[in-house]
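Undergrad: Pasting a structure here, questions to come.
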Amino acid sequence: MSETGQQATEKEADHHPYRRPVDAATLILVDRSATIPKVLVGRRHDKVVFMPGKFVFPGGRVDVADSRVPVAAPIPKALEANLLKGSPKITAARARSLAVAAIREACEETGLCLGRPSQGKIPALSGPWKPFADAGLLPDPSGLFLIARAITPPGRVRRFDTRFFTADASAIVHRIDGVIHADAELVELVWVELGSKPLADLHPMTRNVLNELDKRLAAGALGHDAEVPFYHFYSGKMHRDILAAS
């Protein structure tokens, strides 16, 4: 799980030498079947180091394999364009890796997989991608939307450059049994209404992102043409800018 929005719990870790942020991705799944949209959160185990017992969204750092795994459909060009905005400049391959990582992390941590049946022979996928192959699926990033980007403040022992994605719950095509249990990182999955009490205890940065998502959903169908906020720190303060093409 990405720790971009969790560093306030690391009071002892705010004085480290500069560390370059590593790429990470978070996925917020949304159910819009009722009047008030619901988002999927997982409750962390009480004995984990970061955010014990708290509700979080699945996410984590990008893996090398994320750039190589075959996908059922390419990421939309408009999503790619949003991911390429800002600095430092990244490649289209790196943009793809960020979207794919969000799908992998969601599947690993929640057992919910966003994919599509392969039209041909399924390649031999290993590690966290094996459940896709076992189900005859390839990951499908075509339904993802970029909601925000945030970078962990400097001076922390861990720093992440996280892209927050969202996707509709209808994109979930496969469930892996046994991922959520009493000894897992996430011990419970809950669909909660936006603005409800369980979400009030989220880290402030995560709440910022949810507010952005709420505004996007209130405006109608999700699209790639909305402004994408960028939360980052300089001069000791958090700033909200809008990502722009460089």
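In the structure tokens, each chain is lettered A, B, ... as it comes, each chain's residues begin at 1, and ligands are numbered from 1 in order of appearance.
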Sorted by chain and rising residue number, list the residues of range 94-156 of chain A at most 12 Å from range 193-211 of chain A (counting only C-alpha atoms), each with its closest atom pair and distance in Å to one decimal, as a tab-separated table.
TA:
```
residue	atom	partner	partner_atom	distance
A:Leu146	CA	A:Val209	CA	10.6
A:Ile147	CA	A:Val209	CA	7.1
A:Ala148	CA	A:Val209	CA	6.3
A:Arg149	CA	A:Val209	CA	8.6
A:Ala150	CA	A:Met205	CA	8.1
A:Ile151	CA	A:Met205	CA	10.0
A:Thr152	CA	A:Met205	CA	9.7
A:Pro153	CA	A:Met205	CA	11.3
```
Undergrad: Selection from above, C-alpha atoms, as a JSON list (two decimals), in the first residue's frame, can you write it?
TA:
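Result written to part07.json:
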```json
[["chain", "number", "residue", "atom", "x", "y", "z"],
["A", 146, "LEU", "CA", -6.38, 9.80, -13.09],
["A", 147, "ILE", "CA", -7.78, 11.79, -10.15],
["A", 148, "ALA", "CA", -4.68, 13.31, -8.54],
["A", 149, "ARG", "CA", -0.95, 13.08, -7.99],
["A", 150, "ALA", "CA", 0.82, 13.58, -4.66],
["A", 151, "ILE", "CA", 4.44, 13.43, -3.50],
["A", 152, "THR", "CA", 5.49, 12.60, 0.05],
["A", 153, "PRO", "CA", 7.19, 15.56, 1.76]]
```
Undergrad: Could I get the residues of range 14-86 of chain A with an atom no further than 12 Å from an atom of range 218-221 of chain A, each paired with its nearest atom pair and that distance in Å to one decimal, using only C-alpha atoms, sorted by chain and residue number, as CSV?
TA:
```
residue,atom,partner,partner_atom,distance
A:Arg32,CA,A:Ala221,CA,10.1
A:Thr35,CA,A:Ala218,CA,10.8
A:Ile36,CA,A:Ala218,CA,9.8
A:Pro37,CA,A:Ala218,CA,9.5
```
Undergrad: Name the residues in contact with Ala167 in chain A at a cut-off of 8 Å, using only C-alpha atoms, excluding same-chain residues fewer than 3 positions from it; report them as a ChimeraX atom specification.
TA: /A:27-30,143-145,171
Undergrad: Could you give me, as JSON, numbers by chain, the residues within 8 Å of range 180-191 of chain A, counting only C-alpha atoms and dropping anything in the same chain fewer than 3 positions from it?
TA: {"A": [38, 39, 40, 41, 42, 43, 44, 45, 48, 109, 110, 111, 177]}
Undergrad: List every residue of range 78-172 of chain A that has an atom at most 7 Å from any atom of range 52-69 of chain A, giving for each one its closest atom pair and the distance in Å to one decimal, counting only C-alpha atoms, sorted by chain and then by ascending residue number, as CSV.
TA:
```
residue,atom,partner,partner_atom,distance
A:Ala93,CA,A:Ser67,CA,6.7
A:Arg96,CA,A:Ser67,CA,7.0
A:Ser97,CA,A:Ser67,CA,4.8
A:Leu98,CA,A:Val62,CA,6.4
A:Val100,CA,A:Asp66,CA,6.0
A:Ala101,CA,A:Val62,CA,5.5
A:Ala102,CA,A:Gly59,CA,6.2
A:Glu105,CA,A:Gly59,CA,5.2
A:Ala106,CA,A:Pro58,CA,5.2
A:Glu109,CA,A:Pro58,CA,6.1
```
Undergrad: For the selection you just gave me, I'd like the residues written to a file as a PDB file, in the first residue's frame, keeping N, CA and C atoms.
TA:
```
ATOM      1  N   ALA A  93       5.886   4.465 -21.677  1.00  0.00           N
ATOM      2  CA  ALA A  93       6.013   3.153 -21.031  1.00  0.00           C
ATOM      3  C   ALA A  93       5.884   3.290 -19.512  1.00  0.00           C
ATOM      4  N   ARG A  96       2.241   3.824 -18.627  1.00  0.00           N
ATOM      5  CA  ARG A  96       1.530   2.544 -18.664  1.00  0.00           C
ATOM      6  C   ARG A  96       1.796   1.744 -17.392  1.00  0.00           C
ATOM      7  N   SER A  97       3.052   1.739 -16.939  1.00  0.00           N
ATOM      8  CA  SER A  97       3.414   0.990 -15.737  1.00  0.00           C
ATOM      9  C   SER A  97       2.645   1.487 -14.518  1.00  0.00           C
ATOM     10  N   LEU A  98       2.442   2.794 -14.431  1.00  0.00           N
ATOM     11  CA  LEU A  98       1.706   3.352 -13.301  1.00  0.00           C
ATOM     12  C   LEU A  98       0.265   2.853 -13.280  1.00  0.00           C
ATOM     13  N   VAL A 100      -0.930   0.122 -14.753  1.00  0.00           N
ATOM     14  CA  VAL A 100      -0.928  -1.323 -14.533  1.00  0.00           C
ATOM     15  C   VAL A 100      -0.646  -1.641 -13.063  1.00  0.00           C
ATOM     16  N   ALA A 101       0.237  -0.880 -12.436  1.00  0.00           N
ATOM     17  CA  ALA A 101       0.553  -1.105 -11.024  1.00  0.00           C
ATOM     18  C   ALA A 101      -0.678  -0.921 -10.147  1.00  0.00           C
ATOM     19  N   ALA A 102      -1.533   0.038 -10.477  1.00  0.00           N
ATOM     20  CA  ALA A 102      -2.749   0.255  -9.695  1.00  0.00           C
ATOM     21  C   ALA A 102      -3.636  -0.983  -9.731  1.00  0.00           C
ATOM     22  N   GLU A 105      -1.880  -3.868  -7.604  1.00  0.00           N
ATOM     23  CA  GLU A 105      -1.983  -3.658  -6.169  1.00  0.00           C
ATOM     24  C   GLU A 105      -3.400  -3.945  -5.673  1.00  0.00           C
ATOM     25  N   ALA A 106      -4.402  -3.520  -6.435  1.00  0.00           N
ATOM     26  CA  ALA A 106      -5.784  -3.782  -6.030  1.00  0.00           C
ATOM     27  C   ALA A 106      -6.058  -5.278  -5.974  1.00  0.00           C
ATOM     28  N   GLU A 109      -4.111  -6.885  -2.914  1.00  0.00           N
ATOM     29  CA  GLU A 109      -4.532  -6.512  -1.567  1.00  0.00           C
ATOM     30  C   GLU A 109      -6.004  -6.782  -1.298  1.00  0.00           C
TER      31      GLU A 109
END
```
Undergrad: Using only C-alpha atoms, which of A:Ala92, A:Val179, A:Val71, A:Ala78 sits nearest Ala133 in chain A?
TA: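 Counting only C-alpha atoms, the residue closest to Ala133 in chain A is A:Val71.
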Undergrad: If you run DSSP on this backbone, which residues of range 8-241 of chain A come out as helix (DSSP H, G or I), and could you give them as an mmCIF file with C-alpha atoms, in the first residue's frame?
TA:
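Everything below was put into result04.cif:
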```cif
data_model
loop_
_atom_site.group_PDB
_atom_site.id
_atom_site.type_symbol
_atom_site.label_atom_id
_atom_site.label_comp_id
_atom_site.auth_asym_id
_atom_site.auth_seq_id
_atom_site.Cartn_x
_atom_site.Cartn_y
_atom_site.Cartn_z
ATOM 1 C CA ALA A 8 2.163 12.052 9.317
ATOM 2 C CA THR A 9 2.269 8.910 11.478
ATOM 3 C CA LYS A 11 6.973 11.631 13.488
ATOM 4 C CA GLU A 12 10.412 10.153 14.066
ATOM 5 C CA ALA A 13 11.137 10.026 10.351
ATOM 6 C CA VAL A 64 9.647 -3.739 -12.763
ATOM 7 C CA ALA A 65 7.263 -6.426 -14.029
ATOM 8 C CA ASP A 66 4.485 -3.842 -14.427
ATOM 9 C CA SER A 67 6.187 -2.530 -17.545
ATOM 10 C CA LYS A 77 -4.432 8.167 -25.054
ATOM 11 C CA ALA A 78 -6.146 10.818 -22.952
ATOM 12 C CA LEU A 79 -5.128 9.006 -19.746
ATOM 13 C CA GLU A 80 -1.599 8.680 -21.055
ATOM 14 C CA ALA A 81 -1.556 12.420 -21.780
ATOM 15 C CA ASN A 82 -2.599 13.194 -18.199
ATOM 16 C CA LEU A 83 0.087 10.903 -16.808
ATOM 17 C CA LEU A 84 2.717 12.578 -18.982
ATOM 18 C CA ALA A 92 4.705 6.512 -22.292
ATOM 19 C CA ALA A 93 6.013 3.153 -21.031
ATOM 20 C CA ARG A 94 6.339 4.545 -17.523
ATOM 21 C CA ALA A 95 2.823 5.985 -17.713
ATOM 22 C CA ARG A 96 1.530 2.544 -18.664
ATOM 23 C CA SER A 97 3.414 0.990 -15.737
ATOM 24 C CA LEU A 98 1.706 3.352 -13.301
ATOM 25 C CA ALA A 99 -1.767 2.381 -14.512
ATOM 26 C CA VAL A 100 -0.928 -1.323 -14.533
ATOM 27 C CA ALA A 101 0.553 -1.105 -11.024
ATOM 28 C CA ALA A 102 -2.749 0.255 -9.695
ATOM 29 C CA ILE A 103 -4.532 -2.834 -11.029
ATOM 30 C CA ARG A 104 -1.932 -5.221 -9.626
ATOM 31 C CA GLU A 105 -1.983 -3.658 -6.169
ATOM 32 C CA ALA A 106 -5.784 -3.782 -6.030
ATOM 33 C CA CYS A 107 -5.781 -7.450 -6.984
ATOM 34 C CA GLU A 108 -3.002 -8.325 -4.529
ATOM 35 C CA GLU A 109 -4.532 -6.512 -1.567
ATOM 36 C CA THR A 110 -8.267 -6.975 -2.128
ATOM 37 C CA GLY A 127 3.949 -13.808 -9.165
ATOM 38 C CA PRO A 128 1.117 -11.355 -8.521
ATOM 39 C CA TRP A 129 -0.034 -11.686 -12.138
ATOM 40 C CA LYS A 130 -0.582 -15.456 -11.952
ATOM 41 C CA PRO A 131 -4.228 -15.112 -10.762
ATOM 42 C CA PHE A 132 -5.008 -13.298 -14.008
ATOM 43 C CA ALA A 133 -3.577 -16.116 -16.101
ATOM 44 C CA ASP A 134 -5.342 -18.729 -13.976
ATOM 45 C CA PRO A 141 -6.268 -0.457 -17.677
ATOM 46 C CA SER A 142 -8.629 1.047 -20.264
ATOM 47 C CA GLY A 143 -11.244 1.992 -17.645
ATOM 48 C CA ALA A 169 -16.883 -1.205 -9.814
ATOM 49 C CA SER A 170 -18.276 -2.709 -13.025
ATOM 50 C CA ALA A 171 -14.656 -3.116 -14.178
ATOM 51 C CA LYS A 197 -17.980 8.425 8.987
ATOM 52 C CA PRO A 198 -15.427 5.697 8.098
ATOM 53 C CA LEU A 199 -13.850 8.077 5.577
ATOM 54 C CA ALA A 200 -13.486 10.884 8.122
ATOM 55 C CA PRO A 204 -5.696 14.318 5.227
ATOM 56 C CA MET A 205 -3.999 13.796 1.863
ATOM 57 C CA THR A 206 -6.257 10.851 1.086
ATOM 58 C CA ARG A 207 -9.254 12.970 2.044
ATOM 59 C CA ASN A 208 -8.017 15.656 -0.354
ATOM 60 C CA VAL A 209 -8.012 13.107 -3.155
ATOM 61 C CA LEU A 210 -11.477 11.865 -2.205
ATOM 62 C CA ASN A 211 -12.763 15.438 -2.292
ATOM 63 C CA GLU A 212 -11.379 15.734 -5.814
ATOM 64 C CA LEU A 213 -13.129 12.496 -6.772
ATOM 65 C CA ASP A 214 -16.380 13.644 -5.187
ATOM 66 C CA LYS A 215 -16.318 16.835 -7.264
ATOM 67 C CA ARG A 216 -15.611 14.864 -10.417
ATOM 68 C CA LEU A 217 -18.485 12.458 -9.742
ATOM 69 C CA ALA A 218 -20.881 15.311 -8.942
#
```
Undergrad: What is the CA of Glu227 in chain A to CA of Leu243 in chain A distance in Å?
TA: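 We find that CA of Glu227 in chain A and CA of Leu243 in chain A lie 7.3 Å from each other.
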Undergrad: Just checking: using only C-alpha atoms, which residue out of A:Leu112, A:Met238, A:Ile172, A:Leu125 ends up closest to Pro154 in chain A?
TA: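 Among A:Leu112, A:Met238, A:Ile172, A:Leu125, it is A:Met238 that comes nearest to Pro154 in chain A.
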Undergrad: Kindly give the distance, in Å, that separates CA of Val173 in chain A and CA of Gly115 in chain A, rounded to a single decimal.
TA: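 We find that CA of Val173 in chain A and CA of Gly115 in chain A lie 6.2 Å from each other.
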Undergrad: To one decimal in Å, tell me the separation between CA of His224 in chain A and CA of Ser118 in chain A.
TA: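 Going from CA of His224 in chain A over to CA of Ser118 in chain A covers 25.9 Å.
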Undergrad: If you run DSSP on the backbone here, which positions in range 130-230 of chain A get strand (DSSP E or B)? Please write them as a ChimeraX atom specification.
TA: /A:137-139,145-151,160-168,172-175,186-193,229-230
